[in-house]
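**Q** Contents of final_5.cif (mmCIF, C-alpha atoms) are below:
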```cif
data_structure
loop_
_atom_site.label_atom_id
_atom_site.label_comp_id
_atom_site.auth_asym_id
_atom_site.auth_seq_id
_atom_site.Cartn_x
_atom_site.Cartn_y
_atom_site.Cartn_z
CA MET T 1 85.81 86.46 96.23
CA LYS T 2 87.76 88.05 93.43
CA ASN T 3 91.36 88.93 92.73
CA TYR T 4 92.06 92.07 90.72
CA VAL T 5 95.12 93.57 89.06
CA TYR T 6 95.36 97.35 88.52
CA ILE T 7 98.67 98.31 86.97
CA ALA T 8 100.47 100.54 84.45
CA THR T 9 102.68 99.20 81.68
CA SER T 10 104.77 100.63 78.90
CA LEU T 11 103.54 100.16 75.35
CA ASP T 12 105.82 97.13 75.08
CA GLY T 13 104.42 95.54 78.25
CA TYR T 14 106.97 96.41 80.93
CA ILE T 15 106.10 97.49 84.47
CA ALA T 16 109.64 98.71 85.26
CA ASP T 17 112.58 99.65 83.06
CA ILE T 18 115.81 97.70 82.69
CA GLU T 19 117.14 99.20 85.95
CA GLU T 20 113.83 98.36 87.69
CA LYS T 21 112.96 102.06 87.86
CA LEU T 22 109.60 103.74 87.35
CA ASP T 23 110.82 107.18 86.32
CA TRP T 24 109.26 106.68 82.87
CA LEU T 25 105.79 106.96 84.40
CA PRO T 26 104.22 110.40 84.08
CA ASN T 27 104.70 112.63 87.10
CA PRO T 28 101.50 112.78 89.21
CA ASN T 29 101.70 116.60 89.05
CA GLU T 30 101.34 116.53 85.27
CA GLU T 31 97.94 116.88 83.60
CA ILE T 32 97.93 113.15 82.88
CA ASN T 33 95.62 110.86 84.81
CA LEU T 34 97.39 107.56 85.46
CA GLU T 35 94.71 106.51 87.88
CA ILE T 36 91.68 106.44 85.60
CA ASN T 37 88.85 104.97 87.71
CA TYR T 38 91.27 104.26 90.60
CA PRO T 39 89.12 105.85 93.36
CA GLU T 40 86.19 103.59 92.43
CA PHE T 41 88.49 100.60 92.10
CA ILE T 42 90.12 101.03 95.51
CA LYS T 43 86.68 101.33 97.15
CA SER T 44 85.70 97.97 95.64
CA ILE T 45 88.52 95.96 97.20
CA ASP T 46 89.02 94.76 100.77
CA ALA T 47 92.81 94.47 100.91
CA ILE T 48 96.00 94.75 98.88
CA VAL T 49 98.41 91.86 98.33
CA MET T 50 101.79 93.04 97.06
CA GLY T 51 105.18 91.51 96.55
CA LYS T 52 108.32 92.51 98.43
CA ASN T 53 109.81 94.43 95.50
CA THR T 54 106.68 96.53 95.13
CA PHE T 55 106.64 97.13 98.88
CA ASN T 56 110.26 98.33 98.72
CA ILE T 57 109.42 100.70 95.85
CA VAL T 58 106.40 102.11 97.72
CA CYS T 59 108.57 102.65 100.81
CA SER T 60 111.15 104.52 98.72
CA PHE T 61 108.58 107.15 97.71
CA GLY T 62 108.57 108.64 101.20
CA GLY T 63 105.63 110.68 102.43
CA ASP T 64 102.44 109.28 103.90
CA TRP T 65 101.44 105.64 103.49
CA PRO T 66 99.38 105.66 100.25
CA TYR T 67 96.94 102.83 100.93
CA PRO T 68 93.59 103.21 102.70
CA LYS T 69 93.12 99.42 102.90
CA PRO T 70 94.97 96.62 104.74
CA VAL T 71 98.17 95.57 102.95
CA PHE T 72 99.70 92.10 102.90
CA VAL T 73 103.29 91.80 101.69
CA VAL T 74 104.23 88.46 100.18
CA SER T 75 107.88 87.48 100.59
CA ASN T 76 109.85 84.34 101.26
CA SER T 77 113.00 86.33 102.04
CA LEU T 78 111.75 89.28 104.12
CA LYS T 79 111.76 88.10 107.72
CA GLU T 80 110.73 91.26 109.54
CA ILE T 81 108.62 94.30 108.82
CA PRO T 82 110.43 97.63 109.19
CA GLU T 83 109.28 99.32 112.43
CA LYS T 84 107.56 102.27 110.77
CA TYR T 85 105.29 99.92 108.76
CA LYS T 86 104.37 97.42 111.48
CA ASP T 87 100.89 98.90 111.91
CA LYS T 88 100.37 99.14 108.14
CA ILE T 89 101.21 95.72 106.70
CA GLN T 90 101.17 92.02 107.47
CA LEU T 91 103.96 89.81 106.16
CA LEU T 92 102.99 86.51 104.49
CA ASN T 93 104.92 83.72 102.80
CA GLY T 94 104.26 80.34 101.30
CA SER T 95 102.14 79.14 98.40
CA VAL T 96 99.55 81.36 96.75
CA GLU T 97 96.86 78.98 98.01
CA ASN T 98 98.03 79.28 101.64
CA ILE T 99 98.40 83.05 101.35
CA LEU T 100 94.81 83.32 100.13
CA LYS T 101 93.56 81.03 102.91
CA GLU T 102 95.19 83.28 105.52
CA ILE T 103 93.83 86.50 104.01
CA HIS T 104 90.32 85.07 103.53
CA SER T 105 90.32 83.75 107.11
CA GLN T 106 90.69 87.39 108.21
CA GLY T 107 87.53 88.30 106.29
CA TYR T 108 89.13 89.92 103.23
CA LYS T 109 87.57 88.63 100.01
CA ASN T 110 88.13 91.08 97.14
CA LEU T 111 91.86 91.55 96.72
CA TYR T 112 94.08 93.92 94.74
CA ILE T 113 97.06 91.86 93.59
CA ASP T 114 100.11 94.07 92.92
CA GLY T 115 103.72 93.50 91.94
CA GLY T 116 105.11 91.74 88.88
CA VAL T 117 106.20 88.43 90.42
CA ASN T 118 103.13 88.35 92.64
CA ILE T 119 100.78 88.90 89.68
CA GLN T 120 102.63 86.27 87.65
CA ASN T 121 102.34 83.73 90.51
CA PHE T 122 98.59 84.35 90.81
CA LEU T 123 98.17 84.01 87.03
CA LYS T 124 100.11 80.72 87.03
CA GLU T 125 97.52 79.41 89.50
CA ASP T 126 94.65 80.93 87.43
CA LEU T 127 93.65 83.13 90.36
CA ILE T 128 93.18 86.51 88.67
CA ASP T 129 89.59 87.44 87.87
CA GLU T 130 90.04 90.94 86.42
CA ILE T 131 92.97 92.92 85.03
CA ILE T 132 92.97 96.69 84.56
CA ILE T 133 95.98 97.82 82.55
CA THR T 134 96.85 101.47 82.01
CA THR T 135 99.18 101.71 79.01
CA ILE T 136 101.72 104.53 78.86
CA PRO T 137 102.75 105.36 75.26
CA ILE T 138 106.48 104.76 75.68
CA LEU T 139 108.68 101.90 74.46
CA LEU T 140 111.22 100.85 77.07
CA GLY T 141 112.85 98.15 74.97
CA GLY T 142 113.37 95.95 77.99
CA GLY T 143 112.79 95.71 81.69
CA LYS T 144 110.45 93.83 83.98
CA PRO T 145 107.54 92.37 82.01
CA LEU T 146 104.04 92.22 83.41
CA PHE T 147 103.46 88.71 82.07
CA SER T 148 105.58 85.56 82.08
CA LYS T 149 105.12 81.98 80.92
CA ILE T 150 102.00 80.18 82.08
CA SER T 151 101.19 76.50 81.67
CA LYS T 152 97.79 76.98 80.05
CA ARG T 153 95.90 79.57 78.08
CA LEU T 154 93.83 82.02 80.12
CA ASN T 155 91.04 83.76 78.23
CA PHE T 156 89.96 87.28 79.12
CA GLU T 157 87.48 89.62 77.49
CA CYS T 158 87.83 93.37 77.29
CA VAL T 159 84.82 94.87 79.06
CA SER T 160 85.80 98.51 78.76
CA SER T 161 88.43 100.84 77.37
CA SER T 162 89.03 104.49 78.10
CA ILE T 163 91.51 107.12 77.02
CA ASP T 164 92.63 110.24 78.86
CA LYS T 165 95.26 112.55 77.33
CA GLY T 166 96.92 109.71 75.43
CA ILE T 167 96.85 107.22 78.29
CA VAL T 168 94.77 104.13 77.47
CA GLN T 169 93.15 101.92 80.08
CA ASN T 170 91.69 98.50 79.31
CA HIS T 171 89.62 96.46 81.73
CA PHE T 172 89.61 92.69 81.18
CA LYS T 173 87.54 89.97 82.90
CA ARG T 174 88.49 86.32 83.02
CA VAL T 175 86.40 84.09 80.79
CA HIS T 176 86.28 80.44 81.82
CA THR T 177 85.72 78.09 78.93
CA LYS T 178 84.57 74.51 79.13
#
```
Translate this file's structure into structure tokens.

**A**
Amino acid sequence: MKNYVYIATSLDGYIADIEEKLDWLPNPNEEINLEINYPEFIKSIDAIVMGKNTFNIVCSFGGDWPYPKPVFVVSNSLKEIPEKYKDKIQLLNGSVENILKEIHSQGYKNLYIDGGVNIQNFLKEDLIDEIIITTIPILLGGGKPLFSKISKRLNFECVSSSIDKGIVQNHFKRVHTK
């Protein structure tokens, strides 16, 4: 059982700008590959666990549902799933530990953890095994950071780096020290 993060950040470590927008990300129609190794990554996971804010952003894109895997939306405030997504997501709330118990009880073991607050909550519980960060060469100067305060140091090692048309992707694995 592993928990993975696959996310894009600005050069200064933000996942959304000051207005919580993503319009600074390259347009998918451009010749820039934001999803370096994404097809292989998505095949390796069993389900996606995203926060409510990320779910709302995905819903705002319109078009077809983008995920080929089961999606769990974590929220303590969302009480009901919008009708058009009822067959696409399951709503969960509670502690990270209880959320994982529920997902694992359904047979899903390798999870893609998405959404800033969600990722931060998993990191606070030391429940992220691998992080893949695609860095976009832009300074936003503020916004929603990927990382927040944690109570102890978490060591990772960089196991690979790649570059595609100026976009850098680093893959880190958690290193547990004694």

**Q** Within 12 Å of (96.6, 82.2, 100.4), all atoms listed in the file: residues as number ranges by chain?

**A** T: 3, 49, 72-74, 92-106, 108-109, 111, 113, 118, 121-122, 125, 127

**Q** How about saving the chosen residues, C-alpha atoms kept, as a short mmCIF file (atom, residue, chain, number, x, y, z; two decimals), in the frame of the given file?

**A**
```cif
data_model
loop_
_atom_site.label_atom_id
_atom_site.label_comp_id
_atom_site.auth_asym_id
_atom_site.auth_seq_id
_atom_site.Cartn_x
_atom_site.Cartn_y
_atom_site.Cartn_z
CA ASN T 3 91.36 88.93 92.73
CA VAL T 49 98.41 91.86 98.33
CA PHE T 72 99.70 92.10 102.90
CA VAL T 73 103.29 91.80 101.69
CA VAL T 74 104.23 88.46 100.18
CA LEU T 92 102.99 86.51 104.49
CA ASN T 93 104.92 83.72 102.80
CA GLY T 94 104.26 80.34 101.30
CA SER T 95 102.14 79.14 98.40
CA VAL T 96 99.55 81.36 96.75
CA GLU T 97 96.86 78.98 98.01
CA ASN T 98 98.03 79.28 101.64
CA ILE T 99 98.40 83.05 101.35
CA LEU T 100 94.81 83.32 100.13
CA LYS T 101 93.56 81.03 102.91
CA GLU T 102 95.19 83.28 105.52
CA ILE T 103 93.83 86.50 104.01
CA HIS T 104 90.32 85.07 103.53
CA SER T 105 90.32 83.75 107.11
CA GLN T 106 90.69 87.39 108.21
CA TYR T 108 89.13 89.92 103.23
CA LYS T 109 87.57 88.63 100.01
CA LEU T 111 91.86 91.55 96.72
CA ILE T 113 97.06 91.86 93.59
CA ASN T 118 103.13 88.35 92.64
CA ASN T 121 102.34 83.73 90.51
CA PHE T 122 98.59 84.35 90.81
CA GLU T 125 97.52 79.41 89.50
CA LEU T 127 93.65 83.13 90.36
#
```

**Q** Could you give me, as an NGL selection string, the residues within 10 Å of Ser44 (chain T), counting only C-alpha atoms and dropping anything in the same chain fewer than 3 positions from it?

**A** :T and (4 or 38-41 or 47 or 110-112)

**Q** Keeping only C-alpha atoms, write the selected residues as a tab-separated table (two decimals), in the coordinates of the input.

**A**
```
chain	number	residue	atom	x	y	z
T	4	TYR	CA	92.06	92.07	90.72
T	38	TYR	CA	91.27	104.26	90.60
T	39	PRO	CA	89.12	105.85	93.36
T	40	GLU	CA	86.19	103.59	92.43
T	41	PHE	CA	88.49	100.60	92.10
T	47	ALA	CA	92.81	94.47	100.91
T	110	ASN	CA	88.13	91.08	97.14
T	111	LEU	CA	91.86	91.55	96.72
T	112	TYR	CA	94.08	93.92	94.74
```

**Q** Using the chain letters and numbers from the file, which residues does the PyMOL selection byres ((chain T and resi 153) around 12) grab, as a list in words?

**A**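 When the PyMOL selection byres ((chain T and resi 153) around 12) is applied to the shown file, the picked residues are Leu123, Lys124, Glu125, Asp126, Lys149, Ile150, Ser151, Lys152, Leu154, Asn155, Phe156, Arg174, Val175, His176 and Thr177 of chain T.
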
**Q** Those same residues, written as a PDB file, in the coordinates of the input with C-alpha atoms?

**A**
```pdb
ATOM      1  CA  LEU T 123      98.170  84.010  87.030  1.00  0.00           C
ATOM      2  CA  LYS T 124     100.110  80.720  87.030  1.00  0.00           C
ATOM      3  CA  GLU T 125      97.520  79.410  89.500  1.00  0.00           C
ATOM      4  CA  ASP T 126      94.650  80.930  87.430  1.00  0.00           C
ATOM      5  CA  LYS T 149     105.120  81.980  80.920  1.00  0.00           C
ATOM      6  CA  ILE T 150     102.000  80.180  82.080  1.00  0.00           C
ATOM      7  CA  SER T 151     101.190  76.500  81.670  1.00  0.00           C
ATOM      8  CA  LYS T 152      97.790  76.980  80.050  1.00  0.00           C
ATOM      9  CA  LEU T 154      93.830  82.020  80.120  1.00  0.00           C
ATOM     10  CA  ASN T 155      91.040  83.760  78.230  1.00  0.00           C
ATOM     11  CA  PHE T 156      89.960  87.280  79.120  1.00  0.00           C
ATOM     12  CA  ARG T 174      88.490  86.320  83.020  1.00  0.00           C
ATOM     13  CA  VAL T 175      86.400  84.090  80.790  1.00  0.00           C
ATOM     14  CA  HIS T 176      86.280  80.440  81.820  1.00  0.00           C
ATOM     15  CA  THR T 177      85.720  78.090  78.930  1.00  0.00           C
TER      16      THR T 177
END
```

**Q** Need the shell around Ile167 (chain T): protein/DNA/RNA residues with any atom at most 6 Å away, counting all atoms listed in the file. Skip same-chain ones fewer than 3 positions apart. Format as a PDB file with C-alpha atoms, in the frame of the given file?

**A**
```pdb
ATOM      1  CA  ILE T 136     101.720 104.530  78.860  1.00  0.00           C
ATOM      2  CA  ILE T 163      91.510 107.120  77.020  1.00  0.00           C
ATOM      3  CA  ASP T 164      92.630 110.240  78.860  1.00  0.00           C
TER       4      ASP T 164
END
```

**Q** Give the centre and edge lengths of an axis-aligned box, in Å to one decimal, that holds all listed atoms of region 116-121 of chain T with 4 Å on each side, as AutoDock Vina command-line options.

**A**
```
--center_x 103.5 --center_y 87.7 --center_z 90.1 --size_x 13.4 --size_y 16.0 --size_z 13.0
```
